[in-house]
Every structure is written in C-alpha cells, then in structure tokens.
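First the structure, in the form of structure tokens, and then the observations on it.
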Amino acid sequence: MTIDAVARPEVVVHGPLRARQSGWLSWLTTTDHKKIGLMYLFTTVVFFIVGGVEALLMRLQLGQAESTLIDGSTYNGLVSLHGTTMIFLFVVPIMAGFGNYLVPLMIGARDMAFPRLNALSFWLLFFGGITFYVSLFFEPPAAGWTSYTPLSDDAYLPSNGVDAWILLIHLTGLSSILGAINFVATIHNMRAKGMSWGRMPLFVWTILIYSFLLIIALPSIAAAVTMLLTDRKFGTSFFDATGGGDPLLWQHLFWFFGHPEVYIMILPAFGIISEVLPVFARKPIFGYKAIAAATVAIAFLGVLVWAHHMFTTPTATVVLVFFMVSSFLIAIPTGIKIFNWIATLWRGNVVFKTPLYFAAGFIGLFVIGGISGVILAVFPVDWQLHDSYFVVAHIHYVLFGGSVFGIFAGLYYWFPKMSGRMPGEGLGKLSFWVMFVGFNLTFLVQHSAGLSGMPRRIYDYQESAGWEGFNLASTIGSFLLGIGVLISIVNFIISVRNGTKAGNDPWRANTLEWFTQSPPPENNFDVVPRVRSVEPMKDIRREVENRTGEPSGSVAQPVA
Amino acid sequence: MRALTRPRLLLLALAGAVALGLVGAQSAFAGAFTPESGGSPNADDIDTLYRIVLYVGLVIFVGVEGALLWALFRFKLKRGGPPALQIRGNTPLEIGWTLGAAVILVVLAVVTFLYLDDITDPSSADPGPRETLAGVAFATIDQPNPPRGRELPIRVNGQQYLWRYDYPGKSGELFSYYEMVVPTDTTVTLKITSQDVVHSWWIPQLGGKADAVPGHTNETWFRISRPGRYGGQCAELCGENHADMRGVVVAKEPADYEAWVRRQKAGIKRSQELLAKSRRNEALR
C-alpha cells in the first residue's frame, strides 16, 4: 500500500466562508467562541490587575503599625472591591474564558451550541464589572465581598455602593448561568465522533462540572441579593432581626452559593493541570477515571459543606459536627487528584517548560492550602482561626497558589494556540520564580499573624500587638508578587508580536485543539478526525509515523 | 549505599528545615506556629488539638512535597535516559491512597471528639461539685452543661464599636464597657448577642470566637487561674472602626474582685443619681 492510497489525516483549511470582518467592530459584534474567549481573558486579566492594585494598597497600609495612609472606611471599600473583583470579575469568568476558547476546540466542534447567547454572557460580565466600578464615583461598598447583614443593610451602609454590588452579582450571575447552560449544551451534544464520556479531555470534564455547580449555586445568591435589595430599598426585613428577620439567613444563603463557588474557581484549574502535566511528563495522565470521578465527588460534596464558614455562629454542636465531617470528606477526592498528578510525573520524561513550572508550583502550593483547610475544618480549632489572618492565608493558598498558578499554567500552555507564537521561556521562568517567592513571602507569614491573634479586615493595628514583623514581610512579598505578575504580562505583550512562530502543535500535546492551526481559523476544523482514545493527537501522530515511516516531528499537520 | 543525588539532597534539606523550624518554633517564635493559649483550659485544649492536627498535616506535607520534588527532578528528561513509562493507572495503588486518606481523616475526627467536651463544656473546667442547679439532669443538644464550682454568668452585648458586659443581679446595677472584670478560679459563662450588626467576641488566650448576632444568643466560657489582663478585638467586620473595637478581660483575686464590684456599683449609682439630678434641674428650669 502506498502512502498516497490512504488519505493522511490533516487539516485542510478552506478560505473563510464569508468576508472576514476586522477592526474593533468585529470584536463588538462577534459570536465566534474564540474571539469571545479572548475578550473574556483580556477583560478578566484587566480586572485582575485592578484587584491586584487594590490588594497592594491594603498591603501598603498594613506594612507598618498605626499607619495613617488609609482610613477605616476607605480600607473597607478596598477589602470589598478586592474580594469581589478577584472572585466575580477575575477567577470565575477567566475560567469561562478558557472554556469558551478551548471547549469547542477540544471536543472537535465548530463553535458553542448557542453563539449569540455566548456573546450575551460576555457582555453581561463586562457591564456587570462596569456597573460595580461606577460605585468608585460615589461610594464603594464597604461590607466585604460577603456583604454580611445587617452591616450591608441601608441602616448601616446607606450609600449606593452595596446596591452596585447587588447589581454586579445579578449581572455576572446571569452571565455565568447563561454561559453554564451553553457549556452543558455544547459538551453534551457537540463532541466529535468517537469522543465518549471516557475520552473527553479532563479540562472539558471540569468545565462541565463547573457549569453544573454554577447552575446549582447561583440561584441561592440571586435570591439572597434580591432580598437584600428589597430590605434596603422597600423596607422588607428578611435579614433584620428587629423586624422578625434573621441575619443568619443571609449567611446560609450566601455560603450555600459561596462554598460551591470555591470549587467553581478551583475545578477548572484542576482541569488545566490535568492537561498540562501529561504533556510535559510525556506520559498519559495517571488514573483518568479516578480524576474525572474525583471532580464529580468534589462538586457533590462541595454543596454540603457551606456552614463550615459559620462555625462561630450560634449553631448546635451536632450541626457543626456534620459540617466538619463533610469538609473532611472533600479532602479525599482532592487528595486523590494530587496523588494522581504526582504519579503522572513519576517515571515520565519531565520537560521543564514554563507551563510545567506553574503546574508544579500549583500542586506544591495547593497542598499547603489543603492541609490548612483540614486544620480549619476541625471546628473547635476554627473557633481560634476563623476570621483571622490564618484564614486569609488559607484562602490565598487555594485561590492564588491554586487557581491563579493554574491560570498562569493555562495561559502559558495555550498562548501559542491563541496567538500563534511562543511565549518567552526566559521571562516566563523568571516570572514564575518571582511570583513563587513573592507569594510565599506574602502569605506564609499571614498564618503566623492569624495564630498570634490578628483578625482579618482590620485597617490598623497597634505596635504592641506584635504583628508588625509579619505584616512588613507580607507587604514586601506582595510587591514581589506584583512584579512577578507584571513580568508575565510584559512577556505576553512582547511574545504576541515577536515570539517565535508556534506551529500547530509546539508542545506535542494530546488533545484536539492542537490539530488545527495556531491561531485556529474561524471554523476551527474542516475535517474533524474520529476520536479513538483520550489522546487523539497521539493517535494522529502515530498514524502519520506509521504511514510515512518517519518520526512525525513536533507538528503532525502541515502548517497551512 | 547509594550516593546523595540532587533530589535526595533536596529532600534531606526539606526535612531538616522542617525539623529546625519545629525546634525553633518552641523557643524563638513561640506563638507564631500555634494559636494563643495559656489563659483558660479551653484555649489550652484547642491549642493541643491544633498541634495534633498540625503535626499530622506536617507529615503529609513533607511526604507529598517530597514525592512531588522527587518525581519532578528524578524523572527530568535526559538525553539517552529511559523512555517515559506509558501507564495509565494502577487500581490497587489508587484504592490504597483513597483508603489511606480516609483513615487519616477518621483518626482526626476521633481525636476531635475526644477533645470536644473539654473545649465546649464549662463543667469540665472544675471537677468540683455543682453549686448551682445541683442534681438537675441536662439532655439538650444546644445547651452546654452548667459549670461546676463557682460560676459567673455575664451577658455580652456587641455594639458599634464597643462591648458591654451585664453582670447578674438587678438590671443596670452592675455593668461595664470595654473592660470585663472577673474573679480567678471561677467559670465565667458568656451569653453573647449584638444590638446592631454582627460582631465576634474573641480573646485569643481565653479560647475561640463566638459571633454576636442580633436576635441570637451565642455561648462560650473561660476560667482563669492567675490574675492578669487578656486583650482581644472584634473578629467580624462591623463597620469603619472595626479595627478599634477592642475588649479586655481582667482577672482579679476574688477579694479584689469583690472590691471592684462594690466600687463599680457605687460608681454606677452615683452617676445615675447625678444624671437624674441634672435632668430634674433641666426640667425645673
């Protein structure tokens, strides 16, 4: 049989089906999942920078005792802006950004199931962010990202900042629910031939579970903020004890959303790590089914642990015990994932590129956050640690050390696909090390500050409290962390223009998005290959090798 | 014996650093690695429980991070090295580490239950007989047992940005703000609420937090054996001066405490009389 007898699997990219629009109007009116994905990524990274500046202002204030740089109400504004921005305008939507760009490519689809709904999701997020930040021009919200009642009631915070926060929750919540429905419909219906559930990339698994969690969790907070709005504007008293309401109702409704939200923010990062590690270990993922099942288990348990945020409220001991045990249980599937990732590296050929640095850093830091999480789940111990800087350290180990390092691994890993060019390795690794050192300097010492009795969300402390050393170290670390992030951003800006050409498959990866060009054409694929395993690209490379009798090199398909 | 390769050295260095850190923790940075304690038995029990969980956590930390670094550096891509092992899993191994994680968590849960009574139950602080309500059996899930021995119940009321303490007796006869004075060797039980927003009562050396929630009563307790001052501050964001909402517990010998009660009562009475007098004068004017 000659080579020519059987068609070699390759991408044949036809010219665009209709005149390609360009310029800013093409971005405003686009329904292309890749453009929408890029707009998500760009917008959320801008909010990440804004939220980061807010964090640095707070660290500047706390760097020394009895500092007079920022007053109490401004500080509470910064606390609220920082938390809300990072959660609602950065980590949750950037996962939707990755999902938007990658899910159709990874499952061999030409777009999302509902492209116009997809555009609506993005614009709801965009205007949700703007609605929220408009509050800077009158008075920002000052009740924290949790907006606990009665502090967030009009009696205590009459300014419209809290209302801006409520509208942000509604707009970004609607954006997330519509996006989630879109992901579910896409993943259920539009997978390539042969891509059964057991052959779906793990990142797509996590986006699917992320979507279901959003659909389960968001109605709770949508109801809660609506009740808060009527409490504030129309004199109801859902959360007002003097009117027969209950402030604890807010906490339950909020955390019934708020804890699944934690997994909404970390599961897609788990997915990114599960994609990056096997590629850079040159080895299949260890325990594919266990990792997928652990994702489902985490999501299921994740909706049963919300009151571990409320261990210090007046609550019967038997309830506290339930939530301690359910929180313990969630450590098991999380542990399974970590063991599987390490086993993926074991006896591989580990290639030390920037995405691997961030992925390995992710595992190392997330383990610390996981262990401090188990400590916090022991509710009598939590009585000492709750609402102290120990909790601030814990949340940043899982959310920054976890999610954000995972996001950076993903950005470096998929940058060649999105831009067509390789990100700079030197600056990438430098950025990793500066971020890694800065991160640990910032947050490791915060455990100690909390253990020494420093509550969170205080704008000032006395020198006699003995917290100044911890805080100075933390402030220095936070600026280092900021510089590390900046190096990556500069790296991306430089590489977009000057990076070396990436080709279709620069990492010798496993999943279908590497089958098409970088950046992919508007219709993604002309021919979608039949999927025969969880690593379709490996099959394609092997096929090419078998038929041509020579190694397929780093790129399986000709660069069109 | 196998030579010390780089990952081995890294592992050794890591283990050494943790060991040094633990030794150093006891002397140089007492308090930086464990919660505050030393004022009351429940705080000490929380500290012990924390240490147990922490030590288990440290072992896991060293194991997992060590395995991660070893896997990363030992299996770094090398020219002419062995090819990557193309395996997709190992069921016994996966069942093994799932069960292993579960066993560790069961152990932690059991240890917690062992310490739970000592932390939550005020009657555990003093083995002596019950002086109040002797012989009454308690069987509720949300009410703590009454303490044994000497007891002092105090009602704590959080308000922006101050704590008010009401002592037992006639209403308004004995109260104080900011500084709570208590006798030593007495189990002080607190009933905590708030009149405006949510606050959180926290004197680290005397035990854990208890949120002050409007419309609810939260409970905690402490028992101090040595006279002294124990400071803390509100732990739940309660407004712009949240950072300045402080509280102090002052423990005095019982005799000194009695003297303080007399002085405080007299002071309250005098100021109420003065207030009444000035109001009367205003009304007459």
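We label chains A, B, ... in the order they appear in the structure tokens, count residues from 1 in each chain, and number ligands from 1 in the order shown.
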Please identify every residue of chain B that has at least one atom no more than 6 Å from any atom of chain A, counting only C-alpha atoms, and report them as a PyMOL selection string.
chain B and resi 32-35+46+50+57+68+71+75-77+84-86+88-89+101+142+197+208-211+215+218+235+240-241+243
Could you go through range 315-373 of chain A and tell me which residues DSSP, when run on the backbone, assigns to alpha helix (DSSP H), listing them as a PyMOL selection string?
chain A and resi 317-345+354-373
B:Leu69, B:Tyr230, B:Leu108, B:Gln160 ranked by distance to Leu49 in chain B, top pick (using only C-alpha atoms)
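Under the stated criterion, the closest residue is B:Leu108.
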Skipping near chain neighbours, those fewer than 2 positions away, what residues fall within 8 Å of Glu219 in chain B using only C-alpha atoms, listed as a PyMOL selection string?
(chain A and resi 314) or (chain B and resi 189-192+210+217+221)
Export of the given selection (C-alpha atoms) as a compact mmCIF listing (two decimals), in the first residue's frame:
# COMPACT_ATOMS: atom_id res chain seq x y z
CA PRO A 314 -24.77 30.29 67.37
CA THR B 189 -20.06 31.77 81.12
CA LEU B 190 -20.87 34.33 78.46
CA LYS B 191 -24.18 34.85 76.70
CA ILE B 192 -23.30 36.93 73.69
CA ALA B 210 -18.27 33.42 69.37
CA THR B 217 -27.60 34.34 71.81
CA TRP B 221 -16.89 30.30 78.60
Distance query Asp117 in chain B at most 12 Å, only C-alpha atoms, self and fewer than 3 positions along chain excluded, as a PDB file with N, CA and C atoms, in the first residue's frame:
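What landed in out34.pdb:
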ATOM      1  N   THR A 317     -24.133  21.961  68.275  1.00  0.00           N
ATOM      2  CA  THR A 317     -22.887  21.232  68.059  1.00  0.00           C
ATOM      3  C   THR A 317     -23.041  20.132  67.012  1.00  0.00           C
ATOM      4  N   PRO A 380     -13.564  23.118  66.582  1.00  0.00           N
ATOM      5  CA  PRO A 380     -13.061  23.817  67.772  1.00  0.00           C
ATOM      6  C   PRO A 380     -11.782  24.605  67.473  1.00  0.00           C
TER       7      PRO A 380
ATOM      8  N   PRO B  41      -8.536  26.871  80.328  1.00  0.00           N
ATOM      9  CA  PRO B  41      -8.336  25.485  79.892  1.00  0.00           C
ATOM     10  C   PRO B  41      -8.872  25.199  78.499  1.00  0.00           C
ATOM     11  N   ASN B  42      -9.981  25.834  78.081  1.00  0.00           N
ATOM     12  CA  ASN B  42     -10.489  25.530  76.734  1.00  0.00           C
ATOM     13  C   ASN B  42      -9.535  26.023  75.659  1.00  0.00           C
ATOM     14  N   ASP B  45      -6.832  23.476  75.449  1.00  0.00           N
ATOM     15  CA  ASP B  45      -7.254  22.261  74.751  1.00  0.00           C
ATOM     16  C   ASP B  45      -7.307  22.486  73.236  1.00  0.00           C
ATOM     17  N   ILE B  46      -7.773  23.680  72.832  1.00  0.00           N
ATOM     18  CA  ILE B  46      -7.790  23.991  71.393  1.00  0.00           C
ATOM     19  C   ILE B  46      -6.362  23.966  70.859  1.00  0.00           C
ATOM     20  N   VAL B 111      -9.978  12.115  67.242  1.00  0.00           N
ATOM     21  CA  VAL B 111      -9.217  12.967  68.165  1.00  0.00           C
ATOM     22  C   VAL B 111     -10.029  14.209  68.520  1.00  0.00           C
ATOM     23  N   THR B 112     -10.702  14.790  67.513  1.00  0.00           N
ATOM     24  CA  THR B 112     -11.521  15.975  67.772  1.00  0.00           C
ATOM     25  C   THR B 112     -12.619  15.665  68.789  1.00  0.00           C
ATOM     26  N   PHE B 113     -13.287  14.516  68.586  1.00  0.00           N
ATOM     27  CA  PHE B 113     -14.369  14.163  69.512  1.00  0.00           C
ATOM     28  C   PHE B 113     -13.825  13.967  70.928  1.00  0.00           C
ATOM     29  N   LEU B 114     -12.597  13.442  71.039  1.00  0.00           N
ATOM     30  CA  LEU B 114     -12.017  13.231  72.371  1.00  0.00           C
ATOM     31  C   LEU B 114     -11.823  14.562  73.087  1.00  0.00           C
ATOM     32  N   THR B 120     -15.878  22.475  74.843  1.00  0.00           N
ATOM     33  CA  THR B 120     -17.191  23.118  74.796  1.00  0.00           C
ATOM     34  C   THR B 120     -17.895  23.139  76.145  1.00  0.00           C
ATOM     35  N   ASP B 121     -17.558  22.217  77.037  1.00  0.00           N
ATOM     36  CA  ASP B 121     -18.362  22.014  78.225  1.00  0.00           C
ATOM     37  C   ASP B 121     -17.760  22.749  79.416  1.00  0.00           C
ATOM     38  N   PRO B 122     -18.416  23.794  79.892  1.00  0.00           N
ATOM     39  CA  PRO B 122     -17.846  24.546  81.016  1.00  0.00           C
ATOM     40  C   PRO B 122     -17.693  23.695  82.277  1.00  0.00           C
ATOM     41  N   SER B 123     -18.489  22.617  82.397  1.00  0.00           N
ATOM     42  CA  SER B 123     -18.398  21.828  83.627  1.00  0.00           C
ATOM     43  C   SER B 123     -17.113  21.012  83.652  1.00  0.00           C
ATOM     44  N   SER B 124     -16.388  20.979  82.522  1.00  0.00           N
ATOM     45  CA  SER B 124     -15.154  20.207  82.506  1.00  0.00           C
ATOM     46  C   SER B 124     -14.014  20.970  83.162  1.00  0.00           C
ATOM     47  N   ALA B 125     -14.194  22.278  83.376  1.00  0.00           N
ATOM     48  CA  ALA B 125     -13.094  23.087  83.863  1.00  0.00           C
ATOM     49  C   ALA B 125     -12.785  22.830  85.329  1.00  0.00           C
ATOM     50  N   PRO B 144     -25.117  24.099  76.735  1.00  0.00           N
ATOM     51  CA  PRO B 144     -23.984  23.493  77.428  1.00  0.00           C
ATOM     52  C   PRO B 144     -24.374  23.102  78.851  1.00  0.00           C
ATOM     53  N   ASN B 145     -23.639  22.149  79.420  1.00  0.00           N
ATOM     54  CA  ASN B 145     -23.846  21.819  80.825  1.00  0.00           C
ATOM     55  C   ASN B 145     -23.514  23.039  81.673  1.00  0.00           C
TER      56      ASN B 145
END
Could you tell me which of B:Glu173, B:Thr187, B:Gly63, B:Trp97 comes closest to Arg270 in chain B if we count only C-alpha atoms?
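Counting only C-alpha atoms, the residue closest to Arg270 in chain B is B:Glu173.
With only C-alpha atoms as the atoms that count, the minimum distance from Gln233 in chain B to the choices B:Leu284, B:Val107, B:Ala212, B:Ile203 is reached by B:Ile203.
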May I ask for the distance between CA of Cys234 in chain B and CA of Val198 in chain B, given in Å to one decimal place?
9.8 Å
Would you mind listing what lies within 8 Å of Ser474 in chain A as a PDB file with C-alpha atoms, in the first residue's frame, with only C-alpha atoms counted and same-chain residues fewer than 3 positions away left out?
ATOM      1  CA  ARG A  59      -0.631  45.873  51.992  1.00  0.00           C
ATOM      2  CA  GLY A  63       3.129  47.315  56.261  1.00  0.00           C
ATOM      3  CA  LEU A 441       6.643  35.588  51.489  1.00  0.00           C
ATOM      4  CA  THR A 442       3.250  37.326  51.371  1.00  0.00           C
ATOM      5  CA  PHE A 443       1.037  34.548  52.610  1.00  0.00           C
ATOM      6  CA  VAL A 445       3.700  34.645  57.382  1.00  0.00           C
ATOM      7  CA  GLN A 446      -0.004  35.504  57.424  1.00  0.00           C
ATOM      8  CA  PHE A 470       4.699  39.501  59.852  1.00  0.00           C
ATOM      9  CA  ASN A 471       2.966  42.363  58.097  1.00  0.00           C
ATOM     10  CA  GLY A 477       6.256  39.821  49.431  1.00  0.00           C
ATOM     11  CA  SER A 478       3.109  41.252  47.891  1.00  0.00           C
TER      12      SER A 478
END
Could you jot down the CA of Pro219 in chain A to CA of Tyr40 in chain A separation for me, Å, one decimal place?
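CA of Tyr40 in chain A lies at a distance of 22.7 Å from CA of Pro219 in chain A.
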Which residues are close to range 254-258 of chain B, i.e. within 9 Å by only C-alpha atoms, leaving aside same-chain residues fewer than 3 positions away? Reply as a ChimeraX atom specification.
/B:181-186,251,261-263
Those residues with C-alpha atoms, as a PDB file, in the first residue's frame please?
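Output (result.pdb):
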ATOM      1  CA  VAL B 181     -13.511  42.212  85.410  1.00  0.00           C
ATOM      2  CA  VAL B 182     -13.814  38.631  86.638  1.00  0.00           C
ATOM      3  CA  PRO B 183     -12.647  36.669  89.684  1.00  0.00           C
ATOM      4  CA  THR B 184      -9.983  33.982  89.287  1.00  0.00           C
ATOM      5  CA  ASP B 185     -10.840  30.277  89.630  1.00  0.00           C
ATOM      6  CA  THR B 186     -14.388  30.967  88.572  1.00  0.00           C
ATOM      7  CA  ALA B 251      -8.896  38.606  86.209  1.00  0.00           C
ATOM      8  CA  VAL B 261     -17.868  45.111  92.310  1.00  0.00           C
ATOM      9  CA  ARG B 262     -18.535  47.452  95.217  1.00  0.00           C
ATOM     10  CA  ARG B 263     -16.649  50.340  93.607  1.00  0.00           C
TER      11      ARG B 263
END
Among the residues of range 113-285 of chain B, find those DSSP assigns to strand (DSSP E or B) from the backbone and print them as JSON, numbers by chain.
{"B": [130, 149, 151, 152, 153, 154, 155, 156, 157, 158, 159, 162, 163, 164, 165, 166, 175, 176, 177, 179, 180, 181, 182, 183, 187, 188, 189, 190, 191, 192, 193, 194, 199, 200, 201, 210, 211, 212, 218, 219, 220, 221, 222, 223, 228, 229, 230, 231, 232, 233, 246, 247, 248, 249, 250, 251, 252]}
Need the shell around Trp507 in chain A: protein/DNA/RNA residues with any atom at most 12 Å away, counting only C-alpha atoms. Skip same-chain ones fewer than 2 positions apart. Format as a PyMOL selection string?
chain A and resi 275-282+351-356+412-417+422+502-505+509-511+513-515+537-538+553-556
Distance CA of Ala293 in chain A-CA of Phe270 in chain A, one decimal place?
12.7 Å
From B:Glu273, B:Glu151, B:Glu179, B:Glu94, residue lying nearest Trp260 in chain B [only C-alpha atoms]:
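Answer, going by the shortest atom-to-atom distance: B:Glu179.
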